[in-house]
Amino acid sequence: MARDTTDETPISSTDELVAYLAAGSKPADKWRIGTEHEKFPFYTADHSPVPYGGPRGIRAILEGMQATLGWDPILDEGNIIGLVEPTGQGAISLEPGGQFELSGAPLSTIHQTCREMNAHLAQVREIADPLGIRFLGVGGSPKWTLAETPRMPKSRYAIMADYMPKVGHEGLDMMYRTCTVQVNLDFASETDMRRKMQVSMKLQSIATALFASSPFTDGKPNGLLSWRANIWRDTDNQRSGLLPFVFSPDFGFIDYVDWALDVPMYFVLRDGHYHNATHVTFRQFMNGALRNEIPDGMPNMGDWTNHLSTLFPDVRLKRFLEMRGADGGPWRRVCALPAYWVGLLYDAEALDAAEQLTRDWQFQEVQALRDAVPAYALHAPFRDRTVREIARETLDISRLGLKNRKKLNREGFDETHYLAPLEEIVARGTTDAEKMLSQYCSVWGCSIEPIFLEYAY
């Protein structure tokens, strides 16, 4: 979850909101890769969840990491709820249920991304191991009920938790019991943004299938392969899922702004305090709806930035694009997510091929695919094919794109080897979720407890 920002520049027109997004455009040599991943902390002694407070809680991990890294604390009502690198190159934050998130720095290569993740893992283990804490790499909390799951002291989450049950049935599970890995990627222009957003919106379900790793809930199989992806089908459909207007041939920044303006807000941040604003849209806010309800009751650019961070489509547009379809998972597979999308979107030949593959895909059939993948993953049908076949083709395209990039590490290897975990999944025809289910019914003895050993960081 993004760190909330403050920018008191007043907003006078929607043109300024469009210009804000357009200002993210940058030449290809300035494109970067920002990877975020989440994981569930647990106590090794009994596999119970880790609360915020106490000598062996999440606050203690953050304080220990602050002392080790020298990063600046992020505070909310006096509580440390994250850390940020002093120059803004990366941050550590908490999701509502204590999911521990690294928001990586904007980097040039997948090699750098993987080194960053490995360094983060080593740093976190140095602090957490003496506390008897490790981290679980799966897409959905496999054991703890919603009531057993801790609550983090972040003010925006209290507002969200009150609002979510009013707009869907799965919002609290989304907040407290899911983990993801995502990558943030750049665009060169409005046209480049359009092409990348259309391709990635259509292919997001393919990534969901490849990364499916949430087949358990409340200690038993839930009948799905990506419970996390299914949750997003009934969380808050005003602000999540596929966006039909993105499929238009003339889709642009103004279309996203028009949609975002009419999505209800969550909050307005003033002087460090979060004011509930779920009863108004941003357009109403601009028209003076909160003028007499909150201090400085007209919107500024900080409000717009924060509002954009509370929209949850499968691909999110800010001053960059966020790929949001994948379950969190085993450490080795975390680097595969940015590799997959960088290969597809950051090379001209590969983007042409991905665009050609998906050119005639219509919104209704992509929506049907999105609805089928949580249960069937690679086995979901699409036209006269399966997702497994399409996934294999997209991996070939991604491999081509990574090869064309020619980004070599110190040993002389390019970035293509990071796709290996996904190529193995396609080759065997089963996801991590199906592997877990097979283990559950055999070597795990119908117990969920071994998952805390086999999928722990």
# chains A, B, ... in the order shown; residues from 1 in each chain; ligands from 1
>>> residues_around(residues="A:His379", least_positions_apart="2", cutoff="10 Å", atoms="only C-alpha atoms", output="JSON, numbers by chain")
{"A": [209, 372, 373, 375, 376, 377, 381, 382, 385, 386, 387, 388, 389, 429, 430, 431]}
>>> residues_around(residues="A:Asn300", least_positions_apart="2", cutoff="7 Å", atoms="only C-alpha atoms", output="PyMOL selection string")
chain A and resi 7-11+298+302-304
>>> closest_residue(among="A:Ala28, A:Ile448, A:Ala353, A:Leu337", to="A:Arg405", atoms="only C-alpha atoms")
A:Ala28
>>> residues_around(residues="stretch 111-116 of chain A", least_positions_apart="4", cutoff="7 Å", atoms="only C-alpha atoms", output="number ranges by chain")
A: 107, 120, 335, 409, 415
>>> closest_residue(among="A:Gln284, A:Asp192, A:Ile254, A:Asp46", to="A:Asp347", atoms="only C-alpha atoms")
A:Asp192
>>> closest_residue(among="A:Ala23, A:Ile231, A:Ile80, A:Leu422", to="A:Pro374", atoms="only C-alpha atoms")
A:Ile231
>>> closest_residue(among="A:Pro313, A:Gly98, A:Pro421, A:Gly78", to="A:Gly241", atoms="only C-alpha atoms")
A:Pro313
